[in-house]
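As structure tokens, the structure follows; a few thoughts come after it.
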Amino acid sequence: MRTVLLLNVTGNPTGNPTDTLGRPVRDLRISVTDRCNFRCTYCMPKEIFNSSFQYLQRSELLSFEEIERVAKCFAQKGVTKIRLTGGEPLLRNGIEDLVAKLAGIPEINDVALTTNGALLARKAVSLAAAGLDRVTVSLDSLDDTTFMAMNDVDFPVQKVLDGIDAAAQAGLGPIKINMVVKRGVNDNSVIDMAAYFKGAGHTLRFIEYMDVGATNGWELSDVVDAQTIVETLHEAFPIEPVAPAYPGEVATRWRYLDGTGEIGIISSVTQPFCGNCTRARISAAGALYTCLFAANGTDLRQILRQSPDDEALDQTVNRVWTHRSDRYSESRTSITTGVTKVEMSHIGG
Ligand code: SAM
Ligand code: SF4
Ligand code: SF4
């Protein structure tokens, strides 16, 4: 017997919106601040993000109640995972209250947060108590000189490691560690990082340096490609590929043949994964972006503040998602890399 599915206008049997390439929305990344206590050279270079830079005023940020409304709207459209990011999300006062609100949305089964780890040792217990499921911690080297040159505020490695330990103890694992690899800057830290986190129960993820924003002076020659990273690792610690845990998983997975765990590689530059991209992003100012490399977003803040009911919000999100056609990384050229794009610190990674 033939099964007949009733499709809605978007061709999706669940009734949730899909974009013009048939992709549903599953993950929501929310930037809660555009400020940061680091000045990573690949993200917020000091020369631009200095005391004369115009950060958002408090009133321009979405309130926790507004973020909750947006999250509930997306939860009705198929989102089950939320990640808080920034800037540095742990700089936002009372972030635990937001975590609790998001963790309380029935459709959301995973609330995660990406942090530079500077405040994690202090906050891990309260974040876990509020309902945070997992953290991802960014760390680019175990060598203080290299790490300090990359965070550009002389922040020491040990304090980030303390944060990772505190998070693990608070139950915020399995923890992912993000390492952006930049040629000639920290590529000589790849093996040390792998050796340290191997067997520790955390998954180290190597990220190709990306041409996000317009301030980091990105050049293709600074990128260490995924293939090179895999070969370098394999020589020191033999690895083999692992099938993705779910469709749309950002990192390709590899496991150590000696059974000491897994690593991930995020190869947005050399092996793009736009076909499976189910992520929507909300900037700290409340704009909806449907691609990390977009130049413009759709303002939701005004809608949230003008309409107490959620109908206009709902219609706008549906309209934006069903018109989405982004596949930046698959169509990256020397022309597109030069185009002005939103800053990573504004919409989060
Ligand atoms: N401040 C937090 C942190 O660093 O984890 C959260 C925000 S940060 C923008 C999110 C992630 O984006 C971090 O893991 C960071 O390393 C990564 N990132 C920032 N700029 C990048 C770039 N140009 N290429 C690749 N990854 C980048
Ligand atoms: Fe701050 Fe994270 Fe950007 Fe580094 S990567 S400057 S920690 S927002
Ligand atoms: Fe998604 Fe844009 Fe990245 Fe492609 S380039 S995977 S569409 S965020």
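Naming works like this for the structure tokens: A, B, ... for the chains as they're shown, residue 1 at the start of each chain, ligands 1 onward in shown order.
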Residue list (alpha helix (DSSP H), DSSP) for region 234-331 of chain A, as a VMD selection string: chain A and resid 234 to 236 301 to 306 311 to 323
Could you list, as a PyMOL selection string, all residues that come within 7 Å of ligand 3? Count only C-alpha atoms and all ligand atoms. chain A and resi 268+272-274+277+279+290-293+326-330
Export, as a PDB file, in the first residue's frame, the selected residues with N, CA, C and O atoms.
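Result file is again_35.pdb:
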```pdb
ATOM      1  N   SER A 268      34.678  24.727   7.428  1.00  0.00           N
ATOM      2  CA  SER A 268      33.756  25.595   6.698  1.00  0.00           C
ATOM      3  C   SER A 268      34.381  26.151   5.421  1.00  0.00           C
ATOM      4  O   SER A 268      33.682  26.459   4.465  1.00  0.00           O
ATOM      5  N   PRO A 272      32.746  22.752   2.703  1.00  0.00           N
ATOM      6  CA  PRO A 272      31.547  23.378   3.250  1.00  0.00           C
ATOM      7  C   PRO A 272      30.389  22.401   3.438  1.00  0.00           C
ATOM      8  O   PRO A 272      30.321  21.370   2.773  1.00  0.00           O
ATOM      9  N   PHE A 273      29.509  22.773   4.381  1.00  0.00           N
ATOM     10  CA  PHE A 273      28.412  21.864   4.724  1.00  0.00           C
ATOM     11  C   PHE A 273      27.071  22.598   4.696  1.00  0.00           C
ATOM     12  O   PHE A 273      26.189  22.351   5.501  1.00  0.00           O
ATOM     13  N   CYS A 274      26.925  23.522   3.736  1.00  0.00           N
ATOM     14  CA  CYS A 274      25.702  24.331   3.673  1.00  0.00           C
ATOM     15  C   CYS A 274      24.447  23.488   3.430  1.00  0.00           C
ATOM     16  O   CYS A 274      23.363  23.838   3.883  1.00  0.00           O
ATOM     17  N   CYS A 277      22.659  22.825   6.511  1.00  0.00           N
ATOM     18  CA  CYS A 277      22.690  23.895   7.516  1.00  0.00           C
ATOM     19  C   CYS A 277      21.282  24.250   7.989  1.00  0.00           C
ATOM     20  O   CYS A 277      20.485  24.814   7.251  1.00  0.00           O
ATOM     21  N   ARG A 279      20.696  26.062  10.876  1.00  0.00           N
ATOM     22  CA  ARG A 279      20.913  27.013  11.971  1.00  0.00           C
ATOM     23  C   ARG A 279      20.382  28.406  11.659  1.00  0.00           C
ATOM     24  O   ARG A 279      20.645  28.953  10.584  1.00  0.00           O
ATOM     25  N   THR A 290      20.275  34.304   8.760  1.00  0.00           N
ATOM     26  CA  THR A 290      20.123  32.916   8.343  1.00  0.00           C
ATOM     27  C   THR A 290      21.441  32.333   7.831  1.00  0.00           C
ATOM     28  O   THR A 290      21.478  31.203   7.361  1.00  0.00           O
ATOM     29  N   CYS A 291      22.519  33.109   7.961  1.00  0.00           N
ATOM     30  CA  CYS A 291      23.848  32.598   7.590  1.00  0.00           C
ATOM     31  C   CYS A 291      24.896  33.372   8.387  1.00  0.00           C
ATOM     32  O   CYS A 291      24.762  34.573   8.602  1.00  0.00           O
ATOM     33  N   LEU A 292      25.937  32.654   8.785  1.00  0.00           N
ATOM     34  CA  LEU A 292      27.042  33.255   9.538  1.00  0.00           C
ATOM     35  C   LEU A 292      27.725  34.361   8.746  1.00  0.00           C
ATOM     36  O   LEU A 292      28.345  35.256   9.300  1.00  0.00           O
ATOM     37  N   PHE A 293      27.618  34.266   7.435  1.00  0.00           N
ATOM     38  CA  PHE A 293      28.354  35.202   6.580  1.00  0.00           C
ATOM     39  C   PHE A 293      27.434  36.256   5.955  1.00  0.00           C
ATOM     40  O   PHE A 293      27.812  36.895   4.976  1.00  0.00           O
ATOM     41  N   ASP A 326      20.645  30.726   1.572  1.00  0.00           N
ATOM     42  CA  ASP A 326      22.081  30.882   1.870  1.00  0.00           C
ATOM     43  C   ASP A 326      22.886  29.602   1.642  1.00  0.00           C
ATOM     44  O   ASP A 326      22.482  28.519   2.064  1.00  0.00           O
ATOM     45  N   ARG A 327      24.026  29.772   1.018  1.00  0.00           N
ATOM     46  CA  ARG A 327      25.020  28.694   0.921  1.00  0.00           C
ATOM     47  C   ARG A 327      26.382  29.333   0.684  1.00  0.00           C
ATOM     48  O   ARG A 327      27.125  28.961  -0.227  1.00  0.00           O
ATOM     49  N   TYR A 328      26.693  30.292   1.565  1.00  0.00           N
ATOM     50  CA  TYR A 328      27.888  31.113   1.373  1.00  0.00           C
ATOM     51  C   TYR A 328      29.150  30.266   1.191  1.00  0.00           C
ATOM     52  O   TYR A 328      29.919  30.473   0.256  1.00  0.00           O
ATOM     53  N   SER A 329      29.369  29.326   2.122  1.00  0.00           N
ATOM     54  CA  SER A 329      30.646  28.601   2.084  1.00  0.00           C
ATOM     55  C   SER A 329      30.796  27.757   0.828  1.00  0.00           C
ATOM     56  O   SER A 329      31.901  27.496   0.376  1.00  0.00           O
ATOM     57  N   GLU A 330      29.651  27.341   0.254  1.00  0.00           N
ATOM     58  CA  GLU A 330      29.735  26.543  -0.968  1.00  0.00           C
ATOM     59  C   GLU A 330      30.008  27.412  -2.192  1.00  0.00           C
ATOM     60  O   GLU A 330      30.394  26.911  -3.233  1.00  0.00           O
TER      61      GLU A 330
END
```
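Distance check against Val317 (chain A) using only C-alpha atoms: of A:Lys77, A:Phe49, A:Gln57, A:Gly173, the minimum falls on A:Lys77.
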What lies within 9 Å of Gln76 (chain A) using only C-alpha atoms, ignoring chain neighbours under 5 positions off, as a PyMOL selection string? chain A and resi 16+71+107
Per residue of chain A within 6 Å of ligand 2, record the nearest atom pair and its distance in Å to one decimal, counting only C-alpha atoms and all ligand atoms, with rows in chain order and ascending residue number, as JSON lines.
```
{"residue": "A:Cys36", "atom": "CA", "partner": "ligand 2", "partner_atom_place_in_ligand_line": "1 (Fe)", "distance": 4.7}
{"residue": "A:Phe38", "atom": "CA", "partner": "ligand 2", "partner_atom_place_in_ligand_line": "1 (Fe)", "distance": 4.7}
{"residue": "A:Arg39", "atom": "CA", "partner": "ligand 2", "partner_atom_place_in_ligand_line": "6 (S)", "distance": 4.4}
{"residue": "A:Cys40", "atom": "CA", "partner": "ligand 2", "partner_atom_place_in_ligand_line": "6 (S)", "distance": 4.1}
{"residue": "A:Cys43", "atom": "CA", "partner": "ligand 2", "partner_atom_place_in_ligand_line": "3 (Fe)", "distance": 4.5}
{"residue": "A:Met44", "atom": "CA", "partner": "ligand 2", "partner_atom_place_in_ligand_line": "6 (S)", "distance": 4.7}
{"residue": "A:Gly86", "atom": "CA", "partner": "ligand 2", "partner_atom_place_in_ligand_line": "8 (S)", "distance": 5.6}
{"residue": "A:Gly87", "atom": "CA", "partner": "ligand 2", "partner_atom_place_in_ligand_line": "8 (S)", "distance": 3.8}
{"residue": "A:Glu88", "atom": "CA", "partner": "ligand 2", "partner_atom_place_in_ligand_line": "8 (S)", "distance": 5.2}
{"residue": "A:Asn116", "atom": "CA", "partner": "ligand 2", "partner_atom_place_in_ligand_line": "7 (S)", "distance": 4.7}
{"residue": "A:Ser345", "atom": "CA", "partner": "ligand 2", "partner_atom_place_in_ligand_line": "8 (S)", "distance": 4.9}
```
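In this comparison, which uses only C-alpha atoms, the residue of A:Gly275, A:Pro308, A:Gly217, A:Gly15 approaching Gly248 (chain A) most closely is A:Gly275.
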Contacts with ligand 1 at most 7 Å, only C-alpha atoms and all ligand atoms counted, listed as a PyMOL selection string: chain A and resi 36+42-43+85-89+114-116+136-138+178-180+207-212+216+344-345+348-349
Using only C-alpha atoms for the distances, tell me which of A:Leu90, A:Val181, A:Ala285, A:Ala118 is nearest to Pro156 (chain A). A:Ala118
Please provide the set of residues having any atom within 9 Å of region 223-226 of chain A, restricted to only C-alpha atoms, with same-chain residues fewer than 4 positions apart removed, written as a short mmCIF file (atom, residue, chain, number, x, y, z; two decimals) with C-alpha atoms, in the first residue's frame.
```cif
data_model
loop_
_atom_site.label_atom_id
_atom_site.label_comp_id
_atom_site.auth_asym_id
_atom_site.auth_seq_id
_atom_site.Cartn_x
_atom_site.Cartn_y
_atom_site.Cartn_z
CA VAL A 181 43.90 27.01 13.74
CA LYS A 182 45.78 29.85 12.08
CA ARG A 183 48.84 29.18 9.94
CA ASP A 187 49.37 25.36 14.03
CA PHE A 206 39.75 22.07 15.18
CA ILE A 207 38.18 24.99 13.32
CA GLU A 208 39.42 26.31 10.01
CA TYR A 209 40.06 30.03 10.31
CA MET A 210 37.07 31.70 8.60
CA TRP A 218 41.43 37.11 6.63
CA GLU A 219 43.52 35.59 3.87
CA VAL A 230 43.86 15.29 9.91
CA GLU A 231 47.19 14.17 8.42
CA ILE A 265 37.05 19.14 12.43
CA ILE A 266 35.01 22.15 11.32
CA SER A 267 36.02 22.78 7.76
CA VAL A 269 36.36 26.86 4.22
CA THR A 270 37.64 23.77 2.42
CA GLN A 271 34.71 21.31 2.85
#
```
Just to confirm, what's the straight-line distance from CA of Ser59 (chain A) to CA of Arg305 (chain A) in Å (one decimal)? 11.4 Å
